[in-house]
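Content type PDB, C-alpha atoms, from the file coords.pdb:
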```pdb
ATOM      1  CA  MET A   1      -3.868   6.684  -4.455
ATOM      2  CA  ALA A   2      -6.265   9.413  -5.440
ATOM      3  CA  THR A   3      -9.049   6.996  -6.381
ATOM      4  CA  THR A   4      -9.914   3.374  -5.739
ATOM      5  CA  ILE A   5      -8.918   0.998  -8.534
ATOM      6  CA  LYS A   6     -10.823  -2.120  -9.535
ATOM      7  CA  GLY A   7      -9.464  -5.585 -10.104
ATOM      8  CA  ILE A   8     -10.345  -9.252 -10.347
ATOM      9  CA  ASP A   9      -8.713 -12.465  -9.202
ATOM     10  CA  VAL A  10      -8.593 -15.666 -11.221
ATOM     11  CA  SER A  11      -7.439 -19.270 -10.955
ATOM     12  CA  HIS A  12      -7.870 -22.554 -12.795
ATOM     13  CA  TRP A  13     -11.600 -22.265 -12.061
ATOM     14  CA  GLN A  14     -11.811 -19.648 -14.834
ATOM     15  CA  GLY A  15      -9.633 -21.715 -17.176
ATOM     16  CA  THR A  16      -7.213 -20.229 -19.702
ATOM     17  CA  ASN A  17      -9.815 -18.503 -21.842
ATOM     18  CA  VAL A  18     -10.079 -15.261 -19.885
ATOM     19  CA  ASP A  19     -10.004 -12.356 -22.337
ATOM     20  CA  PHE A  20      -7.941  -9.888 -20.328
ATOM     21  CA  ASN A  21      -8.234  -7.244 -23.038
ATOM     22  CA  LYS A  22     -11.996  -7.197 -22.438
ATOM     23  CA  VAL A  23     -11.379  -7.111 -18.685
ATOM     24  CA  LYS A  24      -9.160  -4.059 -19.171
ATOM     25  CA  LYS A  25     -11.707  -2.323 -21.422
ATOM     26  CA  ALA A  26     -14.402  -2.976 -18.812
ATOM     27  CA  GLY A  27     -12.547  -0.698 -16.392
ATOM     28  CA  TYR A  28     -10.494  -3.146 -14.353
ATOM     29  CA  ASP A  29      -6.869  -2.210 -13.693
ATOM     30  CA  PHE A  30      -5.371  -5.237 -11.994
ATOM     31  CA  VAL A  31      -5.638  -8.982 -11.591
ATOM     32  CA  MET A  32      -4.504 -11.236  -8.754
ATOM     33  CA  ILE A  33      -3.634 -14.650 -10.195
ATOM     34  CA  ASN A  34      -3.567 -17.896  -8.236
ATOM     35  CA  ALA A  35      -0.138 -19.494  -8.555
ATOM     36  CA  GLY A  36      -1.037 -22.679  -6.680
ATOM     37  CA  TYR A  37      -1.308 -24.172  -3.194
ATOM     38  CA  GLY A  38       0.515 -26.262  -0.626
ATOM     39  CA  LYS A  39       4.156 -27.232  -0.393
ATOM     40  CA  CYS A  40       4.832 -29.098  -3.646
ATOM     41  CA  ILE A  41       5.699 -27.496  -6.972
ATOM     42  CA  GLY A  42       3.370 -30.014  -8.595
ATOM     43  CA  GLN A  43       0.527 -28.038  -7.011
ATOM     44  CA  LYS A  44       1.282 -24.979  -9.121
ATOM     45  CA  ASP A  45      -1.909 -23.679 -10.737
ATOM     46  CA  GLU A  46      -2.097 -25.168 -14.222
ATOM     47  CA  CYS A  47      -3.410 -21.903 -15.668
ATOM     48  CA  PHE A  48      -0.963 -19.547 -13.956
ATOM     49  CA  GLU A  49       1.584 -19.179 -16.745
ATOM     50  CA  THR A  50      -1.047 -18.511 -19.399
ATOM     51  CA  ASN A  51      -3.002 -16.118 -17.210
ATOM     52  CA  TYR A  52       0.136 -14.200 -16.290
ATOM     53  CA  LYS A  53       1.271 -13.833 -19.891
ATOM     54  CA  LYS A  54      -2.146 -12.765 -21.183
ATOM     55  CA  ALA A  55      -2.790 -10.334 -18.335
ATOM     56  CA  LYS A  56       0.575  -8.648 -18.848
ATOM     57  CA  SER A  57      -0.025  -8.440 -22.578
ATOM     58  CA  ALA A  58      -3.348  -6.702 -21.947
ATOM     59  CA  GLY A  59      -1.635  -4.041 -19.814
ATOM     60  CA  LEU A  60      -3.156  -5.088 -16.501
ATOM     61  CA  LYS A  61      -1.227  -4.756 -13.255
ATOM     62  CA  VAL A  62      -0.557  -8.253 -11.965
ATOM     63  CA  GLY A  63      -0.249  -9.818  -8.525
ATOM     64  CA  ALA A  64      -0.208 -13.455  -7.395
ATOM     65  CA  TYR A  65      -1.435 -15.464  -4.430
ATOM     66  CA  TRP A  66      -0.771 -18.859  -2.850
ATOM     67  CA  TYR A  67      -3.360 -20.949  -0.985
ATOM     68  CA  SER A  68      -2.046 -22.407   2.259
ATOM     69  CA  TYR A  69      -2.629 -25.733   3.985
ATOM     70  CA  ALA A  70       0.253 -25.226   6.424
ATOM     71  CA  LEU A  71      -0.278 -26.428   9.982
ATOM     72  CA  THR A  72       3.180 -25.529  11.296
ATOM     73  CA  GLU A  73       5.765 -22.801  10.916
ATOM     74  CA  ALA A  74       8.082 -25.176   9.041
ATOM     75  CA  GLU A  75       5.367 -26.111   6.556
ATOM     76  CA  ALA A  76       4.576 -22.426   5.974
ATOM     77  CA  GLU A  77       8.184 -21.636   5.121
ATOM     78  CA  LEU A  78       8.257 -24.587   2.738
ATOM     79  CA  GLU A  79       5.094 -23.260   1.074
ATOM     80  CA  ALA A  80       6.755 -19.874   0.684
ATOM     81  CA  LYS A  81       9.788 -21.437  -0.991
ATOM     82  CA  VAL A  82       7.595 -23.362  -3.426
ATOM     83  CA  PHE A  83       5.495 -20.264  -4.146
ATOM     84  CA  LEU A  84       8.562 -18.203  -5.021
ATOM     85  CA  GLU A  85       9.814 -21.032  -7.193
ATOM     86  CA  ALA A  86       6.478 -20.998  -9.043
ATOM     87  CA  ILE A  87       6.661 -17.245  -9.737
ATOM     88  CA  LYS A  88      10.420 -17.008 -10.263
ATOM     89  CA  GLY A  89      11.601 -14.630 -12.987
ATOM     90  CA  LYS A  90       8.376 -12.627 -13.141
ATOM     91  CA  THR A  91       7.537  -9.065 -12.136
ATOM     92  CA  PHE A  92       4.436  -8.080 -10.187
ATOM     93  CA  GLU A  93       3.050  -4.544 -10.012
ATOM     94  CA  MET A  94       0.622  -5.685  -7.320
ATOM     95  CA  PRO A  95       1.452  -7.564  -4.110
ATOM     96  CA  ILE A  96       1.931 -11.293  -3.787
ATOM     97  CA  ALA A  97      -0.458 -12.685  -1.198
ATOM     98  CA  PHE A  98      -0.607 -15.448   1.406
ATOM     99  CA  ASP A  99      -4.099 -16.977   1.420
ATOM    100  CA  ILE A 100      -4.802 -18.488   4.837
ATOM    101  CA  GLU A 101      -8.370 -19.682   5.422
ATOM    102  CA  ASP A 102      -8.442 -23.467   5.065
ATOM    103  CA  SER A 103     -10.767 -25.470   7.317
ATOM    104  CA  THR A 104      -7.797 -27.531   8.558
ATOM    105  CA  GLN A 105      -6.328 -24.343  10.044
ATOM    106  CA  CYS A 106      -9.436 -23.271  11.938
ATOM    107  CA  ASP A 107      -8.650 -25.417  14.981
ATOM    108  CA  LEU A 108      -5.133 -24.045  15.339
ATOM    109  CA  SER A 109      -4.360 -21.571  18.102
ATOM    110  CA  THR A 110      -3.967 -17.881  17.411
ATOM    111  CA  SER A 111      -0.274 -18.073  18.238
ATOM    112  CA  THR A 112       0.245 -20.957  15.789
ATOM    113  CA  ILE A 113      -1.590 -19.050  13.055
ATOM    114  CA  GLY A 114       0.645 -16.075  13.818
ATOM    115  CA  SER A 115       3.798 -18.156  13.503
ATOM    116  CA  ILE A 116       2.555 -19.612  10.188
ATOM    117  CA  ILE A 117       1.834 -16.150   8.778
ATOM    118  CA  ASN A 118       5.159 -14.738   9.941
ATOM    119  CA  ALA A 119       7.076 -17.693   8.533
ATOM    120  CA  PHE A 120       5.521 -17.442   5.071
ATOM    121  CA  CYS A 121       5.362 -13.669   4.762
ATOM    122  CA  GLY A 122       8.715 -13.106   6.453
ATOM    123  CA  TYR A 123      10.434 -15.457   4.028
ATOM    124  CA  CYS A 124       8.911 -13.662   1.045
ATOM    125  CA  GLU A 125       9.943 -10.273   2.416
ATOM    126  CA  LYS A 126      13.524 -11.461   2.832
ATOM    127  CA  LYS A 127      13.460 -12.330  -0.866
ATOM    128  CA  ASN A 128      12.390  -8.759  -1.737
ATOM    129  CA  TYR A 129       8.684  -9.246  -2.277
ATOM    130  CA  TYR A 130       5.795  -7.076  -1.142
ATOM    131  CA  VAL A 131       3.573  -9.673   0.512
ATOM    132  CA  MET A 132       0.052  -9.188   1.845
ATOM    133  CA  LEU A 133      -2.256 -11.332   3.949
ATOM    134  CA  TYR A 134      -5.534 -12.644   2.508
ATOM    135  CA  SER A 135      -8.419 -14.094   4.502
ATOM    136  CA  TYR A 136     -12.087 -13.630   5.253
ATOM    137  CA  ALA A 137     -13.325 -11.330   8.005
ATOM    138  CA  ALA A 138     -14.296 -13.983  10.576
ATOM    139  CA  PHE A 139     -10.915 -15.719  10.311
ATOM    140  CA  LEU A 140      -9.074 -12.406  10.581
ATOM    141  CA  ASN A 141     -11.085 -11.491  13.657
ATOM    142  CA  SER A 142     -10.868 -14.797  15.479
ATOM    143  CA  LYS A 143      -7.586 -16.401  14.414
ATOM    144  CA  VAL A 144      -5.071 -13.812  13.201
ATOM    145  CA  PRO A 145      -3.009 -11.999  15.864
ATOM    146  CA  SER A 146      -3.159  -8.210  15.840
ATOM    147  CA  ASP A 147       0.580  -7.875  15.244
ATOM    148  CA  CYS A 148       0.243  -9.808  11.970
ATOM    149  CA  LYS A 149      -2.640  -7.632  10.819
ATOM    150  CA  ASN A 150      -0.587  -4.562  11.637
ATOM    151  CA  LYS A 151       2.628  -5.872  10.090
ATOM    152  CA  TYR A 152       1.189  -7.060   6.770
ATOM    153  CA  CYS A 153      -1.278  -5.282   4.521
ATOM    154  CA  VAL A 154      -4.603  -7.130   4.608
ATOM    155  CA  TRP A 155      -6.555  -8.290   1.565
ATOM    156  CA  LEU A 156     -10.014  -8.669   3.076
ATOM    157  CA  ALA A 157     -12.678 -11.069   1.798
ATOM    158  CA  GLU A 158     -16.155 -10.004   2.840
ATOM    159  CA  PHE A 159     -18.884 -10.451   0.271
ATOM    160  CA  ASP A 160     -22.023  -8.711  -0.890
ATOM    161  CA  LYS A 161     -22.013  -5.697   1.416
ATOM    162  CA  SER A 162     -21.962  -2.011   0.588
ATOM    163  CA  LYS A 163     -19.184  -1.636   3.167
ATOM    164  CA  PRO A 164     -17.202  -4.235   5.105
ATOM    165  CA  SER A 165     -18.144  -4.851   8.728
ATOM    166  CA  TYR A 166     -14.505  -5.790   9.420
ATOM    167  CA  GLY A 167     -13.097  -3.183  11.789
ATOM    168  CA  GLY A 168      -9.389  -3.568  11.036
ATOM    169  CA  SER A 169      -7.357  -1.820   8.367
ATOM    170  CA  TYR A 170      -7.049  -3.294   4.878
ATOM    171  CA  GLY A 171      -5.507  -2.276   1.572
ATOM    172  CA  MET A 172      -7.651  -4.423  -0.685
ATOM    173  CA  TRP A 173     -11.236  -5.673  -0.451
ATOM    174  CA  GLN A 174     -12.609  -8.689  -2.273
ATOM    175  CA  TYR A 175     -16.243  -7.646  -2.243
ATOM    176  CA  THR A 176     -17.917 -10.434  -4.214
ATOM    177  CA  SER A 177     -17.325 -13.930  -5.532
ATOM    178  CA  LYS A 178     -20.214 -13.635  -7.980
ATOM    179  CA  GLY A 179     -19.087 -10.780 -10.188
ATOM    180  CA  SER A 180     -19.993 -10.633 -13.862
ATOM    181  CA  VAL A 181     -17.010  -9.266 -15.784
ATOM    182  CA  SER A 182     -16.658  -8.927 -19.538
ATOM    183  CA  GLY A 183     -14.038 -11.390 -20.766
ATOM    184  CA  VAL A 184     -14.602 -13.905 -17.945
ATOM    185  CA  ASN A 185     -16.931 -16.872 -18.318
ATOM    186  CA  GLY A 186     -19.079 -17.420 -15.243
ATOM    187  CA  ASN A 187     -18.705 -15.881 -11.815
ATOM    188  CA  CYS A 188     -15.608 -13.895 -10.951
ATOM    189  CA  ASP A 189     -14.081 -12.531  -7.748
ATOM    190  CA  CYS A 190     -13.943  -8.724  -7.818
ATOM    191  CA  ASN A 191     -11.785  -6.402  -5.728
ATOM    192  CA  TYR A 192     -11.066  -2.809  -4.817
ATOM    193  CA  ALA A 193      -7.508  -1.669  -4.050
ATOM    194  CA  TYR A 194      -6.999   1.411  -1.901
ATOM    195  CA  LYS A 195      -3.218   1.886  -2.052
ATOM    196  CA  ASP A 196      -0.898   2.739  -4.920
ATOM    197  CA  PHE A 197       0.810  -0.618  -4.577
ATOM    198  CA  THR A 198       2.602  -0.277  -7.904
ATOM    199  CA  ALA A 199       4.330   2.967  -6.894
ATOM    200  CA  ILE A 200       5.394   1.479  -3.549
ATOM    201  CA  ILE A 201       6.674  -1.733  -5.127
ATOM    202  CA  LYS A 202       8.627  -0.058  -7.928
ATOM    203  CA  LYS A 203      10.134   2.641  -5.717
ATOM    204  CA  LYS A 204      11.465   0.039  -3.267
ATOM    205  CA  GLY A 205      12.576  -2.378  -5.987
ATOM    206  CA  LEU A 206      10.359  -5.264  -4.901
ATOM    207  CA  ASN A 207       8.542  -8.065  -6.767
ATOM    208  CA  GLY A 208      11.211  -8.397  -9.434
ATOM    209  CA  PHE A 209      11.663  -4.686 -10.130
ATOM    210  CA  LYS A 210      14.940  -2.789  -9.729
ATOM    211  CA  LYS A 211      14.977  -0.134  -7.042
ATOM    212  CA  GLN A 212      14.364   3.345  -8.389
ATOM    213  CA  LYS A 213      17.115   5.898  -7.854
ATOM    214  CA  ASN A 214      16.120   8.735  -5.558
ATOM    215  CA  ASN A 215      19.160  10.855  -6.429
ATOM    216  CA  GLU A 216      18.394  11.357 -10.118
ATOM    217  CA  LEU A 217      18.413  15.130 -10.604
ATOM    218  CA  PRO A 218      16.019  16.951 -12.935
ATOM    219  CA  ILE A 219      17.291  18.431 -16.205
ATOM    220  CA  LEU A 220      16.909  22.199 -16.526
ATOM    221  CA  GLU A 221      16.829  22.062 -20.338
ATOM    222  CA  LYS A 222      18.019  19.842 -23.148
ATOM    223  CA  SER A 223      18.994  22.458 -25.737
ATOM    224  CA  GLY A 224      21.018  25.668 -25.693
ATOM    225  CA  TYR A 225      24.639  26.740 -25.867
ATOM    226  CA  LYS A 226      27.048  23.847 -25.488
ATOM    227  CA  LYS A 227      30.731  23.009 -25.680
ATOM    228  CA  GLY A 228      32.235  23.914 -29.051
ATOM    229  CA  ASP A 229      29.811  26.742 -29.857
ATOM    230  CA  LYS A 230      31.430  29.995 -31.097
ATOM    231  CA  THR A 231      28.954  32.885 -31.218
ATOM    232  CA  SER A 232      28.377  36.380 -29.894
ATOM    233  CA  GLY A 233      25.711  34.820 -27.686
ATOM    234  CA  VAL A 234      28.373  32.661 -26.041
ATOM    235  CA  LEU A 235      30.444  35.797 -25.433
ATOM    236  CA  ALA A 236      27.474  37.421 -23.664
ATOM    237  CA  LEU A 237      26.932  34.254 -21.621
ATOM    238  CA  LYS A 238      30.580  34.236 -20.554
ATOM    239  CA  GLU A 239      30.440  37.896 -19.503
ATOM    240  CA  MET A 240      27.528  36.971 -17.231
ATOM    241  CA  LEU A 241      29.490  33.998 -15.884
ATOM    242  CA  ILE A 242      32.456  36.273 -15.127
ATOM    243  CA  ILE A 243      30.137  38.559 -13.147
ATOM    244  CA  ALA A 244      28.772  35.469 -11.377
ATOM    245  CA  LYS A 245      32.299  34.538 -10.304
ATOM    246  CA  ALA A 246      32.803  38.045  -8.928
ATOM    247  CA  ARG A 247      29.608  37.545  -6.915
ATOM    248  CA  LYS A 248      31.113  34.267  -5.604
ATOM    249  CA  LEU A 249      28.477  32.085  -7.271
ATOM    250  CA  HIS A 250      31.246  29.867  -8.697
ATOM    251  CA  ASN A 251      35.057  29.882  -8.764
ATOM    252  CA  VAL A 252      35.893  29.070 -12.394
ATOM    253  CA  THR A 253      38.202  31.474 -14.289
ATOM    254  CA  LEU A 254      37.027  32.269 -17.842
ATOM    255  CA  ALA A 255      38.650  33.850 -20.919
ATOM    256  CA  GLU A 256      36.735  36.792 -22.405
ATOM    257  CA  ASN A 257      35.987  35.367 -25.857
ATOM    258  CA  GLY A 258      33.077  33.844 -27.741
ATOM    259  CA  ILE A 259      34.171  30.213 -27.399
ATOM    260  CA  PHE A 260      32.272  27.686 -25.240
ATOM    261  CA  GLY A 261      35.291  25.770 -23.989
ATOM    262  CA  ASP A 262      36.322  23.745 -20.949
ATOM    263  CA  GLY A 263      36.145  26.695 -18.570
ATOM    264  CA  THR A 264      32.660  27.680 -19.701
ATOM    265  CA  GLU A 265      31.493  24.098 -19.323
ATOM    266  CA  LYS A 266      32.866  23.905 -15.771
ATOM    267  CA  ALA A 267      31.189  27.182 -14.805
ATOM    268  CA  VAL A 268      27.847  26.162 -16.311
ATOM    269  CA  ASN A 269      27.922  22.800 -14.542
ATOM    270  CA  ALA A 270      28.945  24.412 -11.246
ATOM    271  CA  LEU A 271      25.838  26.601 -11.382
ATOM    272  CA  LEU A 272      23.586  23.735 -12.461
ATOM    273  CA  LYS A 273      24.814  21.745  -9.459
ATOM    274  CA  LYS A 274      24.270  24.736  -7.167
ATOM    275  CA  TRP A 275      20.696  25.082  -8.415
ATOM    276  CA  GLY A 276      19.912  21.373  -8.010
ATOM    277  CA  TYR A 277      19.941  20.300 -11.649
ATOM    278  CA  LYS A 278      21.783  17.608 -13.560
ATOM    279  CA  GLN A 279      25.151  18.790 -14.838
ATOM    280  CA  ASN A 280      24.537  18.326 -18.574
ATOM    281  CA  SER A 281      26.742  21.221 -19.782
ATOM    282  CA  ILE A 282      23.816  23.012 -21.468
ATOM    283  CA  ALA A 283      23.139  26.750 -21.081
ATOM    284  CA  GLY A 284      19.861  27.629 -22.767
ATOM    285  CA  GLU A 285      17.176  30.238 -22.256
ATOM    286  CA  LYS A 286      16.171  28.984 -18.800
ATOM    287  CA  PHE A 287      19.788  28.892 -17.642
ATOM    288  CA  ILE A 288      20.446  32.424 -18.857
ATOM    289  CA  LYS A 289      17.330  33.771 -17.148
ATOM    290  CA  LYS A 290      18.293  32.110 -13.852
ATOM    291  CA  LEU A 291      21.835  33.420 -14.185
ATOM    292  CA  ALA A 292      20.613  36.953 -14.922
ATOM    293  CA  SER A 293      18.385  36.840 -11.863
ATOM    294  CA  ALA A 294      21.247  35.533  -9.700
ATOM    295  CA  ILE A 295      23.679  38.331 -10.614
ATOM    296  CA  LYS A 296      21.272  41.274 -10.325
TER     297      LYS A 296
END
```
Here is a file; write its structure as structure tokens.
Amino acid sequence: MATTIKGIDVSHWQGTNVDFNKVKKAGYDFVMINAGYGKCIGQKDECFETNYKKAKSAGLKVGAYWYSYALTEAEAELEAKVFLEAIKGKTFEMPIAFDIEDSTQCDLSTSTIGSIINAFCGYCEKKNYYVMLYSYAAFLNSKVPSDCKNKYCVWLAEFDKSKPSYGGSYGMWQYTSKGSVSGVNGNCDCNYAYKDFTAIIKKKGLNGFKKQKNNELPILEKSGYKKGDKTSGVLALKEMLIIAKARKLHNVTLAENGIFGDGTEKAVNALLKKWGYKQNSIAGEKFIKKLASAIK
């Protein structure tokens, strides 16, 4: 993205009274919302539904995260399943994130942490989600294998510094837990995002969005001569199209009259296709100029 965008993250600690319209007006573009923790649906964040609805209504880009207590690969996959159940049916312009930092996980080996991360994030990816990895710098440095940090975009937590000391790559930085943001009562986590996550997610059809078509051709023009028109201008257009056929720019045979019929439509569309435009059967000013240039 051309510039860094600002965001916040919220959970039940902020309650359901966050005024996301004020957050938006204060210059924040996105919010990461806690959806819950652990491996039971009963641990879904009680404020998630309200926060999601209000944030969307305010026009903020929304992501979600899940706090992990998993100690094994199997538990991590179960957490992923519960997380996706909690967010089912919703769309997210920002990533969904796996929050791994709990004190119970600090004594696990690096390889076990790696298997936990891969189990959770891999499951979410298989279900067509853009998933990122959240943790604080010390945990990332000491516990998370390099292949995980390279495979998944990192959401780094490192507070109250002008620049992170963390040496790895990251796509989002949670730079304080004590932010003061209009619309939020009390302290608030604040973040910077450095990638155009929304463009990536929508283009690939992730996080509940349908994949964008890459083969949609541009339209040369929306108005001009069209099928059924009977004018001297159509006659002039057809004379140019006849010359274009002689120059082997298309192979459609045309009658020399002022009627925009089937043959004229086929010739116009053949040239639109040749030029890389959508075949919409319209020959306007831009078409005529391109045709004139082509037959000179």
Selection result of the PyMOL selection byres ((chain A and resi 41) around 9) on this file, as a compact mmCIF listing (two decimals) with C-alpha atoms, keeping the file's coordinate frame:
```txt
# COMPACT_ATOMS: atom_id res chain seq x y z
CA GLY A 36 -1.04 -22.68 -6.68
CA TYR A 37 -1.31 -24.17 -3.19
CA GLY A 38 0.52 -26.26 -0.63
CA LYS A 39 4.16 -27.23 -0.39
CA CYS A 40 4.83 -29.10 -3.65
CA GLY A 42 3.37 -30.01 -8.60
CA GLN A 43 0.53 -28.04 -7.01
CA LYS A 44 1.28 -24.98 -9.12
CA VAL A 82 7.60 -23.36 -3.43
CA PHE A 83 5.50 -20.26 -4.15
CA GLU A 85 9.81 -21.03 -7.19
CA ALA A 86 6.48 -21.00 -9.04
```
Handout entry: One-decimal distance in Å that lies between atom CA of A:Phe120 and atom CA of A:Lys211
Key =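 Here the two named atoms are 23.1 Å from each other.
Between atom CA of A:Ser135 and atom CA of A:Lys25 lies a distance of 28.7 Å.
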Problem - atom CA of A:Lys210 to atom CA of A:Lys61, distance in Å rounded to a single decimal - result: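 Distance reported for this atom pair: 16.7 Å.
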Exercise for the section: Name the residues in contact with A:Ile242 at a cut-off of 10 Å, using all atoms listed in the file, excluding same-chain residues fewer than 2 positions from it; report them as a list in words. Expected result: Ala236, Leu237, Lys238, Glu239, Met240, Ala244, Lys245, Ala246, Arg247, Lys248, Leu249, His250, Asn251, Val252, Thr253, Leu254, Ala255, Glu256, Thr264 and Ala267 of chain A
Exercise for the section: Spell out the residues picked by the PyMOL selection byres ((chain A and resi 278-285) around 9) here, as a PyMOL selection string. Expected result: chain A and resi 216-227+237+264-273+276-277+286-290
Stretch 66-131 of chain A near stretch 158-175 of chain A within 12 Å: what's each residue's closest atom pair and its distance in Å to one decimal, counting only C-alpha atoms, ordered by chain then ascending residue number, as JSON lines?
```
{"residue": "A:Met94", "atom": "CA", "partner": "A:Met172", "partner_atom": "CA", "distance": 10.7}
{"residue": "A:Pro95", "atom": "CA", "partner": "A:Met172", "partner_atom": "CA", "distance": 10.2}
{"residue": "A:Ala97", "atom": "CA", "partner": "A:Met172", "partner_atom": "CA", "distance": 11.0}
{"residue": "A:Val131", "atom": "CA", "partner": "A:Gly171", "partner_atom": "CA", "distance": 11.8}
```
Exercise for the section: Taking the file above as input, evaluate the PyMOL selection byres ((chain A and resi 183) around 6) and report the hits as a PyMOL selection string. Expected result: chain A and resi 18-19+22-23+182+184
Give me, as CSV, the closest atom pair and its distance (Å, one decimal) for every residue of stretch 144-197 of chain A within a cut-off of 10 Å of stretch 26-29 of chain A, counting all atoms listed in the file, rows sorted by chain and rising number.
```
residue,atom,partner,partner_atom,distance
A:Val181,CA,A:Ala26,CA,7.5
A:Ser182,CA,A:Ala26,CA,6.4
A:Gly183,CA,A:Ala26,CA,8.6
A:Cys190,CA,A:Tyr28,CA,9.3
A:Asn191,CA,A:Tyr28,CA,9.3
A:Tyr192,CA,A:Tyr28,CA,9.6
A:Ala193,CA,A:Asp29,CA,9.7
```
Emit the selected residues as a short mmCIF file (atom, residue, chain, number, x, y, z; two decimals), keeping the file's coordinate frame, including C-alpha atoms.
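Printed below is result_2.cif as written:
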```cif
data_model
loop_
_atom_site.label_atom_id
_atom_site.label_comp_id
_atom_site.auth_asym_id
_atom_site.auth_seq_id
_atom_site.Cartn_x
_atom_site.Cartn_y
_atom_site.Cartn_z
CA VAL A 181 -17.01 -9.27 -15.78
CA SER A 182 -16.66 -8.93 -19.54
CA GLY A 183 -14.04 -11.39 -20.77
CA CYS A 190 -13.94 -8.72 -7.82
CA ASN A 191 -11.78 -6.40 -5.73
CA TYR A 192 -11.07 -2.81 -4.82
CA ALA A 193 -7.51 -1.67 -4.05
#
```
Would you list the contacts of A:Phe209 as a PDB file with C-alpha atoms, in the frame of the given file, taking every protein, DNA or RNA residue within 7 Å and counting all atoms listed in the file, but skipping same-chain residues closer than 4 positions in sequence?
```pdb
ATOM      1  CA  THR A  91       7.537  -9.065 -12.136  1.00  0.00           C
ATOM      2  CA  LYS A 202       8.627  -0.058  -7.928  1.00  0.00           C
ATOM      3  CA  GLY A 205      12.576  -2.378  -5.987  1.00  0.00           C
TER       4      GLY A 205
END
```
Practice task
Considering only C-alpha atoms, return as a PyMOL selection string whatever protein or nucleic-acid residues lie within 10 Å of A:Leu84, sequence-local ones (same chain, fewer than 2 positions apart) excluded.
Solution key: chain A and resi 35+41+66+79-82+86-90+96+123-124+127+129
Please report, as lines of an AutoDock Vina configuration file, the centre and edge lengths in Å to one decimal of an axis-aligned box covering all listed atoms of stretch 251-266 of chain A with 4 Å per side.
```
center_x = 35.1
center_y = 30.3
center_z = -18.3
size_x = 15.2
size_y = 21.0
size_z = 27.0
```
Practice task
List the neighbours of stretch 144-149 of chain A out to 6 Å using only C-alpha atoms; skip same-chain residues closer than 4 positions along the sequence, and give me the result as a PyMOL selection string.
Solution key: chain A and resi 110+114+140
Handout entry: Residue nearest A:Tyr52 among A:Asp9, A:Glu75, A:Tyr67, A:Lys204 (counting only C-alpha atoms)
Key = A:Asp9
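Using all atoms listed in the file, the shortest contact distance between A:Phe197 and any of A:Tyr65, A:Trp275, A:Phe98, A:Phe30 is found at A:Phe30.
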